[in-house]
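The structure appears right after this line, and notes come after that.
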Amino acid sequence: MNEITILFFATMRDHTGERKISITVPENTQVSSLKAILAERYPQAVAALDATLVSINRDYAFDEDLIPAGAEVAMFPHVSGG
Amino acid sequence: MNEITILFFATMRDHTGERKISITVPENTQVSSLKAILAERYPQAVAALDATLVSINRDYAFDEDLIPAGAEVAMFPHVSGG
Amino acid sequence: MTEFPTIFSITEDELDLDALLAQITLPSTGAACFFTGMVRGTTRRDGLPPETEYLEYEAYIPMAEAKMKQIADEIRQRWPVVEGIAIVQRIGRLYPMTPTVLIACSAAHRDTGVFDAARYGIDRLKEIVPVWKKEVGSDGETWIEGGYIPQPGE
Amino acid sequence: MTEFPTIFSITEDELDLDALLAQITLPSTGAACFFTGMVRGTTRRDGLPPETEYLEYEAYIPMAEAKMKQIADEIRQRWPVVEGIAIVQRIGRLYPMTPTVLIACSAAHRDTGVFDAARYGIDRLKEIVPVWKKEVGSDGETWIEGGYIPQPGE
């Protein structure tokens, strides 16, 4: 099992009600599986999790990407800086 | 006869050795004739007068333009601001 | 080869354009193009309040700075003659008419792509730098969302 | 219609980009593009000294300001959505790395032509605004001359 950190920003923070959590996931967990795990934990955030952008260790990540041990994962909506 | 002012800038000032002069020219003097008058006055500046830009009352002027009474004429090289 | 300055930061402080320009000016530099974004107080858009009281900006700071660095690298690859690059995003509560973001590129001359490079920089910032803003006005709060989906490798 | 700010000046004072940006920012303004020119200390050109000690700028001030006003009018004609325009030329003795000229255009959004408008502004300034500069270096003085011949009506 791998311990990972998940950060939520903007609307993802609003939907989950969390800013930062630590969870344990099986080794070789894909981003898509992590979203499924979180959908169970935050049922009110299912639609948002479906559309969320994801980063792993500060790089954009995608459904098939594997989450390494100790990863800093972040979930957030489309960016809108400027 | 019309009294006019002539300002010299940059290399035109260097060539004529003057910053500002007042001269009297015939009515309906064209820019080209004014250059000829000045070429006689500043023989060392003949080549420069040939290539000079000219303004009348702060607008660019050209060889055939007439110089009105009381005009503020200026003579200067190609601009190089920035 | 001269070391060309690259500045990227997320800050809560006021932008200081003159200081940033000085930081991207080398002895060989003759031209710079800046883009700045400001909070609009009045905007016409369907379904949103017409008057903005303020915007609340937040960022995923370490990733945002990494992505700014990446944008600077992309600019240098596309416009190798660019000398200095500054990319700064201000966050926090920002009121109308306040500058929020700056992209500046310097080079020896103006015909080197500095205008295109700055334009590219702000376009990319709005695509991949993790910053978000919430508009607060008389009718409540609205998150503003971009429309870009980053691709693998971005 | 809102009165859009137009600033044009010849000055011996330091440029203050932040103050100029504030002057061309309206409540409806969301974007601005600036161009600044700086004195280059090192330039590679045949027949000229490689190191510039300073540049000496002079202007025919009232005509220069009139031509800046004309450039602002031309910009508004070509890019009617431009809101604020600032055109400032600094004169006097200016040392390497010093900003000498600024063109800034603001608008509601960045895709309104502000980059092209600022680019147009500096190109036109170098064509028709009566300002001249003399380069002073270790090898003596050299007047720098532009190559543009204004046409009737310019």
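In the structure tokens, each chain is lettered A, B, ... as it comes, each chain's residues begin at 1, and ligands are numbered from 1 in order of appearance.
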- Restrict the distance test to only C-alpha atoms, flag each residue of chain C within 6 Å of chain D, and return the flagged residues as an NGL selection string. :C and (17-18 or 27-42 or 97)
- Task: Please determine the contact residues of chain C with respect to chain A at a cut-off of 6 Å, counting only C-alpha atoms, and supply them as a ChimeraX atom specification.
- Result: /C:63,101,126,130-132,145-146
Convert the current residue selection to file output with C-alpha atoms, as a PDB file, in the first residue's frame.
```pdb
ATOM      1  CA  MET C  63       3.109  23.660  -9.488  1.00  0.00           C
ATOM      2  CA  VAL C 101      -0.576  39.222 -14.067  1.00  0.00           C
ATOM      3  CA  LYS C 126      -4.121  30.800 -19.041  1.00  0.00           C
ATOM      4  CA  PRO C 130      -2.827  26.244 -11.901  1.00  0.00           C
ATOM      5  CA  VAL C 131      -4.420  29.496 -10.773  1.00  0.00           C
ATOM      6  CA  TRP C 132      -8.138  30.023 -10.238  1.00  0.00           C
ATOM      7  CA  GLU C 145     -13.283  28.461 -15.268  1.00  0.00           C
ATOM      8  CA  GLY C 146     -11.013  28.218 -18.260  1.00  0.00           C
TER       9      GLY C 146
END
```
Quick one: superpose chain A onto chain B using all C-alpha atoms paired in order, least squares, and give it to me as a tab-separated table (two decimals) with N, CA, C and O atoms, in the first residue's frame.
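So out-v3.tsv came out as:
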```tsv
chain	number	residue	atom	x	y	z
A	1	MET	N	7.00	90.78	-48.13
A	1	MET	CA	7.99	89.89	-47.50
A	1	MET	C	7.41	89.30	-46.21
A	1	MET	O	6.63	89.94	-45.52
A	2	ASN	N	7.80	88.05	-45.93
A	2	ASN	CA	7.31	87.37	-44.73
A	2	ASN	C	8.46	87.09	-43.76
A	2	ASN	O	9.50	86.60	-44.17
A	3	GLU	N	8.22	87.37	-42.53
A	3	GLU	CA	9.19	87.02	-41.49
A	3	GLU	C	8.87	85.59	-41.02
A	3	GLU	O	7.72	85.28	-40.71
A	4	ILE	N	9.86	84.75	-41.02
A	4	ILE	CA	9.65	83.38	-40.55
A	4	ILE	C	10.76	82.99	-39.58
A	4	ILE	O	11.82	83.63	-39.54
A	5	THR	N	10.48	81.96	-38.79
A	5	THR	CA	11.48	81.42	-37.86
A	5	THR	C	11.94	80.06	-38.40
A	5	THR	O	11.12	79.30	-38.92
A	6	ILE	N	13.23	79.79	-38.28
A	6	ILE	CA	13.71	78.46	-38.68
A	6	ILE	C	14.45	77.84	-37.50
A	6	ILE	O	15.34	78.47	-36.91
A	7	LEU	N	14.06	76.63	-37.16
A	7	LEU	CA	14.73	75.86	-36.09
A	7	LEU	C	15.56	74.77	-36.75
A	7	LEU	O	15.13	74.14	-37.71
A	8	PHE	N	16.76	74.55	-36.22
A	8	PHE	CA	17.63	73.47	-36.72
A	8	PHE	C	17.85	72.45	-35.60
A	8	PHE	O	18.15	72.84	-34.46
A	9	PHE	N	17.71	71.19	-35.93
A	9	PHE	CA	17.89	70.14	-34.92
A	9	PHE	C	18.97	69.15	-35.36
A	9	PHE	O	19.18	68.93	-36.55
A	10	ALA	N	19.60	68.55	-34.36
A	10	ALA	CA	20.52	67.42	-34.55
A	10	ALA	C	21.61	67.79	-35.56
A	10	ALA	O	22.23	68.84	-35.41
A	11	THR	N	21.83	66.96	-36.58
A	11	THR	CA	22.93	67.24	-37.52
A	11	THR	C	22.72	68.56	-38.26
A	11	THR	O	23.70	69.21	-38.64
A	12	MET	N	21.48	68.99	-38.47
A	12	MET	CA	21.26	70.27	-39.15
A	12	MET	C	21.76	71.43	-38.29
A	12	MET	O	22.24	72.43	-38.82
A	13	ARG	N	21.66	71.27	-36.99
A	13	ARG	CA	22.21	72.30	-36.09
A	13	ARG	C	23.74	72.28	-36.16
A	13	ARG	O	24.39	73.32	-36.23
A	14	ASP	N	24.29	71.06	-36.19
A	14	ASP	CA	25.75	70.95	-36.30
A	14	ASP	C	26.24	71.59	-37.61
A	14	ASP	O	27.24	72.30	-37.63
A	15	HIS	N	25.55	71.30	-38.72
A	15	HIS	CA	26.00	71.78	-40.02
A	15	HIS	C	25.89	73.30	-40.15
A	15	HIS	O	26.76	73.95	-40.71
A	16	THR	N	24.77	73.85	-39.65
A	16	THR	CA	24.59	75.30	-39.80
A	16	THR	C	25.22	76.08	-38.66
A	16	THR	O	25.49	77.28	-38.80
A	17	GLY	N	25.46	75.41	-37.56
A	17	GLY	CA	25.96	76.12	-36.39
A	17	GLY	C	24.90	76.97	-35.72
A	17	GLY	O	25.20	77.82	-34.87
A	18	GLU	N	23.65	76.79	-36.10
A	18	GLU	CA	22.57	77.62	-35.55
A	18	GLU	C	21.50	76.71	-34.94
A	18	GLU	O	21.28	75.58	-35.37
A	19	ARG	N	20.81	77.27	-33.96
A	19	ARG	CA	19.73	76.57	-33.30
A	19	ARG	C	18.38	77.14	-33.79
A	19	ARG	O	17.43	76.41	-34.00
A	20	LYS	N	18.36	78.46	-33.96
A	20	LYS	CA	17.11	79.15	-34.31
A	20	LYS	C	17.46	80.48	-34.95
A	20	LYS	O	18.26	81.23	-34.41
A	21	ILE	N	16.87	80.74	-36.12
A	21	ILE	CA	17.09	82.04	-36.75
A	21	ILE	C	15.75	82.62	-37.19
A	21	ILE	O	14.77	81.90	-37.34
A	22	SER	N	15.74	83.94	-37.36
A	22	SER	CA	14.57	84.60	-37.96
A	22	SER	C	15.04	85.21	-39.26
A	22	SER	O	16.08	85.90	-39.29
A	23	ILE	N	14.33	84.92	-40.35
A	23	ILE	CA	14.69	85.53	-41.62
A	23	ILE	C	13.44	86.03	-42.33
A	23	ILE	O	12.33	85.66	-41.98
A	24	THR	N	13.70	86.86	-43.33
A	24	THR	CA	12.60	87.42	-44.12
A	24	THR	C	12.71	86.83	-45.52
A	24	THR	O	13.79	86.82	-46.10
A	25	VAL	N	11.59	86.29	-45.99
A	25	VAL	CA	11.60	85.68	-47.33
A	25	VAL	C	10.44	86.27	-48.13
A	25	VAL	O	9.47	86.75	-47.55
A	26	PRO	N	10.53	86.23	-49.47
A	26	PRO	CA	9.44	86.76	-50.29
A	26	PRO	C	8.15	85.98	-50.03
A	26	PRO	O	8.18	84.81	-49.62
A	27	GLU	N	7.03	86.63	-50.26
A	27	GLU	CA	5.76	85.92	-50.16
A	27	GLU	C	5.74	84.77	-51.16
A	27	GLU	O	6.40	84.83	-52.19
A	28	ASN	N	4.99	83.72	-50.84
A	28	ASN	CA	4.87	82.55	-51.71
A	28	ASN	C	6.21	81.84	-51.97
A	28	ASN	O	6.42	81.26	-53.02
A	29	THR	N	7.11	81.94	-50.99
A	29	THR	CA	8.35	81.18	-51.10
A	29	THR	C	8.06	79.70	-50.87
A	29	THR	O	7.37	79.33	-49.92
A	30	GLN	N	8.59	78.86	-51.77
A	30	GLN	CA	8.43	77.41	-51.60
A	30	GLN	C	9.56	76.88	-50.73
A	30	GLN	O	10.62	77.49	-50.61
A	31	VAL	N	9.34	75.69	-50.16
A	31	VAL	CA	10.37	75.04	-49.34
A	31	VAL	C	11.66	74.90	-50.14
A	31	VAL	O	12.76	75.17	-49.64
A	32	SER	N	11.55	74.53	-51.41
A	32	SER	CA	12.77	74.35	-52.22
A	32	SER	C	13.54	75.66	-52.35
A	32	SER	O	14.78	75.66	-52.30
A	33	SER	N	12.81	76.78	-52.48
A	33	SER	CA	13.51	78.07	-52.58
A	33	SER	C	14.15	78.44	-51.25
A	33	SER	O	15.25	79.02	-51.22
A	34	LEU	N	13.48	78.12	-50.17
A	34	LEU	CA	14.06	78.41	-48.86
A	34	LEU	C	15.37	77.65	-48.69
A	34	LEU	O	16.36	78.19	-48.18
A	35	LYS	N	15.37	76.39	-49.12
A	35	LYS	CA	16.62	75.61	-49.03
A	35	LYS	C	17.73	76.30	-49.83
A	35	LYS	O	18.89	76.35	-49.38
A	36	ALA	N	17.39	76.85	-51.00
A	36	ALA	CA	18.39	77.53	-51.84
A	36	ALA	C	18.91	78.77	-51.12
A	36	ALA	O	20.13	79.05	-51.13
A	37	ILE	N	17.99	79.52	-50.50
A	37	ILE	CA	18.41	80.71	-49.74
A	37	ILE	C	19.39	80.31	-48.62
A	37	ILE	O	20.43	80.94	-48.42
A	38	LEU	N	19.04	79.22	-47.93
A	38	LEU	CA	19.89	78.79	-46.80
A	38	LEU	C	21.21	78.21	-47.29
A	38	LEU	O	22.23	78.33	-46.61
A	39	ALA	N	21.20	77.60	-48.48
A	39	ALA	CA	22.44	77.03	-49.03
A	39	ALA	C	23.45	78.15	-49.29
A	39	ALA	O	24.66	77.95	-49.13
A	40	GLU	N	22.93	79.32	-49.66
A	40	GLU	CA	23.84	80.45	-49.87
A	40	GLU	C	24.38	80.96	-48.54
A	40	GLU	O	25.55	81.30	-48.42
A	41	ARG	N	23.53	80.94	-47.55
A	41	ARG	CA	23.91	81.44	-46.23
A	41	ARG	C	24.85	80.46	-45.51
A	41	ARG	O	25.72	80.88	-44.75
A	42	TYR	N	24.63	79.15	-45.71
A	42	TYR	CA	25.45	78.13	-45.04
A	42	TYR	C	26.05	77.21	-46.09
A	42	TYR	O	25.61	76.06	-46.26
A	43	PRO	N	27.07	77.68	-46.82
A	43	PRO	CA	27.63	76.87	-47.92
A	43	PRO	C	28.13	75.50	-47.44
A	43	PRO	O	28.07	74.51	-48.18
A	44	GLN	N	28.58	75.44	-46.19
A	44	GLN	CA	29.08	74.16	-45.66
A	44	GLN	C	27.94	73.15	-45.45
A	44	GLN	O	28.18	71.97	-45.22
A	45	ALA	N	26.69	73.62	-45.54
A	45	ALA	CA	25.54	72.76	-45.23
A	45	ALA	C	24.77	72.37	-46.48
A	45	ALA	O	23.66	71.84	-46.38
A	46	VAL	N	25.34	72.58	-47.66
A	46	VAL	CA	24.59	72.35	-48.91
A	46	VAL	C	24.09	70.91	-49.02
A	46	VAL	O	22.91	70.67	-49.28
A	47	ALA	N	24.97	69.96	-48.78
A	47	ALA	CA	24.57	68.55	-48.91
A	47	ALA	C	23.51	68.21	-47.86
A	47	ALA	O	22.52	67.52	-48.15
A	48	ALA	N	23.69	68.71	-46.66
A	48	ALA	CA	22.73	68.44	-45.59
A	48	ALA	C	21.37	69.05	-45.91
A	48	ALA	O	20.33	68.42	-45.69
A	49	LEU	N	21.38	70.28	-46.47
A	49	LEU	CA	20.11	70.93	-46.81
A	49	LEU	C	19.39	70.15	-47.90
A	49	LEU	O	18.16	70.12	-47.96
A	50	ASP	N	20.16	69.52	-48.75
A	50	ASP	CA	19.58	68.74	-49.83
A	50	ASP	C	18.78	67.56	-49.28
A	50	ASP	O	17.74	67.17	-49.83
A	51	ALA	N	19.28	66.99	-48.18
A	51	ALA	CA	18.66	65.77	-47.63
A	51	ALA	C	17.76	66.05	-46.44
A	51	ALA	O	17.14	65.14	-45.90
A	52	THR	N	17.67	67.30	-46.01
A	52	THR	CA	16.96	67.58	-44.76
A	52	THR	C	15.46	67.28	-44.86
A	52	THR	O	14.86	67.41	-45.92
A	53	LEU	N	14.90	66.88	-43.72
A	53	LEU	CA	13.45	66.89	-43.59
A	53	LEU	C	13.05	68.30	-43.17
A	53	LEU	O	13.82	69.00	-42.50
A	54	VAL	N	11.84	68.70	-43.54
A	54	VAL	CA	11.37	70.05	-43.26
A	54	VAL	C	9.97	69.96	-42.66
A	54	VAL	O	9.16	69.14	-43.08
A	55	SER	N	9.72	70.81	-41.66
A	55	SER	CA	8.34	70.95	-41.19
A	55	SER	C	7.95	72.41	-41.24
A	55	SER	O	8.80	73.31	-41.12
A	56	ILE	N	6.67	72.64	-41.46
A	56	ILE	CA	6.10	73.99	-41.37
A	56	ILE	C	4.99	73.94	-40.34
A	56	ILE	O	4.08	73.11	-40.45
A	57	ASN	N	5.12	74.75	-39.33
A	57	ASN	CA	4.12	74.78	-38.26
A	57	ASN	C	3.84	73.38	-37.73
A	57	ASN	O	2.70	72.98	-37.52
A	58	ARG	N	4.94	72.62	-37.54
A	58	ARG	CA	4.91	71.31	-36.87
A	58	ARG	C	4.23	70.20	-37.67
A	58	ARG	O	3.84	69.18	-37.10
A	59	ASP	N	4.13	70.42	-38.99
A	59	ASP	CA	3.72	69.33	-39.88
A	59	ASP	C	4.79	69.17	-40.96
A	59	ASP	O	5.39	70.16	-41.38
A	60	TYR	N	4.97	67.92	-41.39
A	60	TYR	CA	5.98	67.71	-42.43
A	60	TYR	C	5.63	68.50	-43.67
A	60	TYR	O	4.45	68.63	-44.04
A	61	ALA	N	6.65	69.08	-44.33
A	61	ALA	CA	6.45	69.89	-45.53
A	61	ALA	C	7.39	69.41	-46.63
A	61	ALA	O	8.40	68.74	-46.35
A	62	PHE	N	7.07	69.73	-47.86
A	62	PHE	CA	7.78	69.19	-49.01
A	62	PHE	C	8.11	70.30	-49.99
A	62	PHE	O	7.62	71.43	-49.86
A	63	ASP	N	8.97	69.99	-50.97
A	63	ASP	CA	9.59	71.03	-51.79
A	63	ASP	C	8.63	72.07	-52.35
A	63	ASP	O	8.95	73.26	-52.39
A	64	GLU	N	7.45	71.65	-52.78
A	64	GLU	CA	6.53	72.59	-53.43
A	64	GLU	C	5.68	73.38	-52.44
A	64	GLU	O	4.97	74.31	-52.84
A	65	ASP	N	5.71	72.99	-51.17
A	65	ASP	CA	4.84	73.68	-50.21
A	65	ASP	C	5.26	75.14	-50.04
A	65	ASP	O	6.46	75.47	-50.05
A	66	LEU	N	4.26	76.00	-49.87
A	66	LEU	CA	4.51	77.44	-49.67
A	66	LEU	C	4.65	77.72	-48.17
A	66	LEU	O	3.97	77.13	-47.35
A	67	ILE	N	5.52	78.69	-47.87
A	67	ILE	CA	5.77	79.02	-46.47
A	67	ILE	C	4.96	80.24	-46.09
A	67	ILE	O	5.20	81.34	-46.60
A	68	PRO	N	3.98	80.07	-45.19
A	68	PRO	CA	3.12	81.21	-44.85
A	68	PRO	C	3.84	82.22	-43.94
A	68	PRO	O	4.86	81.91	-43.33
A	69	ALA	N	3.27	83.41	-43.87
A	69	ALA	CA	3.82	84.46	-43.01
A	69	ALA	C	3.84	83.96	-41.56
A	69	ALA	O	2.91	83.30	-41.12
A	70	GLY	N	4.92	84.26	-40.86
A	70	GLY	CA	5.00	83.91	-39.45
A	70	GLY	C	5.24	82.43	-39.20
A	70	GLY	O	5.16	81.97	-38.06
A	71	ALA	N	5.56	81.68	-40.25
A	71	ALA	CA	5.70	80.23	-40.09
A	71	ALA	C	6.84	79.87	-39.14
A	71	ALA	O	7.85	80.57	-39.06
A	72	GLU	N	6.63	78.76	-38.43
A	72	GLU	CA	7.73	78.13	-37.69
A	72	GLU	C	8.19	76.95	-38.55
A	72	GLU	O	7.50	75.95	-38.66
A	73	VAL	N	9.33	77.15	-39.19
A	73	VAL	CA	9.90	76.11	-40.05
A	73	VAL	C	10.95	75.35	-39.23
A	73	VAL	O	11.62	75.96	-38.39
A	74	ALA	N	11.07	74.05	-39.44
A	74	ALA	CA	12.17	73.32	-38.79
A	74	ALA	C	12.84	72.43	-39.81
A	74	ALA	O	12.21	71.97	-40.77
A	75	MET	N	14.14	72.24	-39.63
A	75	MET	CA	14.93	71.39	-40.52
A	75	MET	C	15.72	70.41	-39.68
A	75	MET	O	16.38	70.79	-38.71
A	76	PHE	N	15.63	69.14	-40.08
A	76	PHE	CA	16.27	68.10	-39.25
A	76	PHE	C	16.48	66.83	-40.07
A	76	PHE	O	15.83	66.63	-41.09
A	77	PRO	N	17.38	65.97	-39.59
A	77	PRO	CA	17.63	64.71	-40.31
A	77	PRO	C	16.51	63.72	-40.04
A	77	PRO	O	15.61	63.97	-39.22
A	78	HIS	N	16.58	62.56	-40.72
A	78	HIS	CA	15.62	61.48	-40.46
A	78	HIS	C	15.55	61.22	-38.96
A	78	HIS	O	16.57	61.18	-38.28
A	79	VAL	N	14.35	60.99	-38.48
A	79	VAL	CA	14.17	60.87	-37.03
A	79	VAL	C	14.70	59.51	-36.56
A	79	VAL	O	14.78	58.54	-37.32
A	80	SER	N	15.07	59.46	-35.29
A	80	SER	CA	15.64	58.21	-34.74
A	80	SER	C	15.28	58.06	-33.27
A	80	SER	O	16.12	57.71	-32.44
A	81	GLY	N	14.02	58.31	-32.96
A	81	GLY	CA	13.58	58.16	-31.57
A	81	GLY	C	13.48	56.70	-31.16
A	81	GLY	O	13.83	55.80	-31.92
A	82	GLY	N	12.98	56.52	-29.97
A	82	GLY	CA	12.78	55.14	-29.49
A	82	GLY	C	13.66	54.84	-28.32
A	82	GLY	O	14.33	55.71	-27.80
```
- Message: Based on the backbone DSSP call, show me all residues of chain D assigned strand (DSSP E), as a ChimeraX atom specification.
- Response: /D:6-11,31-38,52-59,85-90,92-94,99-107,131-137,140-144
- alpha helix (DSSP H) per DSSP on the backbone: members of stretch 74-135 of chain C, as a PyMOL selection string: chain C and resi 74-78+114-128
Would you list the contacts of D:Pro5 as a short mmCIF file (atom, residue, chain, number, x, y, z; two decimals) with all heavy atoms, in the first residue's frame, taking every protein, DNA or RNA residue within 8 Å and counting only C-alpha atoms, but skipping same-chain residues closer than 6 positions in sequence?
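What ended up in around.cif:
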```cif
data_model
loop_
_atom_site.label_atom_id
_atom_site.label_comp_id
_atom_site.auth_asym_id
_atom_site.auth_seq_id
_atom_site.Cartn_x
_atom_site.Cartn_y
_atom_site.Cartn_z
N GLN D 23 -2.81 55.09 -15.41
CA GLN D 23 -3.48 56.17 -16.14
C GLN D 23 -4.28 55.68 -17.35
O GLN D 23 -5.16 56.37 -17.82
CB GLN D 23 -2.44 57.20 -16.61
CG GLN D 23 -1.94 58.09 -15.48
CD GLN D 23 -0.93 59.10 -16.01
OE1 GLN D 23 0.27 58.83 -16.08
NE2 GLN D 23 -1.42 60.25 -16.42
N ILE D 24 -3.93 54.49 -17.88
CA ILE D 24 -4.66 53.98 -19.04
C ILE D 24 -5.58 52.81 -18.67
O ILE D 24 -6.00 52.05 -19.52
CB ILE D 24 -3.73 53.59 -20.21
CG1 ILE D 24 -2.73 52.51 -19.79
CG2 ILE D 24 -3.00 54.82 -20.75
CD1 ILE D 24 -2.04 51.84 -20.99
N GLU D 83 -8.65 51.09 -25.50
CA GLU D 83 -9.20 52.05 -24.53
C GLU D 83 -8.19 53.15 -24.22
O GLU D 83 -8.36 54.29 -24.63
CB GLU D 83 -9.66 51.30 -23.28
CG GLU D 83 -10.78 50.31 -23.61
CD GLU D 83 -11.39 49.63 -22.38
OE1 GLU D 83 -10.79 49.66 -21.29
OE2 GLU D 83 -12.50 49.07 -22.52
N GLY D 84 -7.13 52.82 -23.51
CA GLY D 84 -6.13 53.85 -23.17
C GLY D 84 -4.90 53.72 -24.04
O GLY D 84 -4.54 52.63 -24.47
N ILE D 85 -4.26 54.85 -24.30
CA ILE D 85 -3.00 54.85 -25.06
C ILE D 85 -2.02 55.77 -24.34
O ILE D 85 -2.38 56.90 -23.97
CB ILE D 85 -3.21 55.38 -26.50
CG1 ILE D 85 -4.21 54.49 -27.26
CG2 ILE D 85 -1.88 55.45 -27.25
CD1 ILE D 85 -4.58 55.03 -28.64
#
```
- Query: Suppose you want the space between atom CA of D:Tyr60 and atom CA of D:Thr6; what is it in Å?
  - Reply: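 Atom-to-atom, atom CA of D:Tyr60 and atom CA of D:Thr6 are spaced 20.1 Å apart.
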- Message: Just the number, please: distance in Å from atom CA of D:Arg78 to atom CA of D:Ala117, one decimal.
- Response: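 Spanning atom CA of D:Arg78 to atom CA of D:Ala117 is a straight-line distance of 8.1 Å.
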- Mind pulling up the distance from atom CA of C:Leu94 to atom CA of D:Ile87?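 The value is 27.3 Å.
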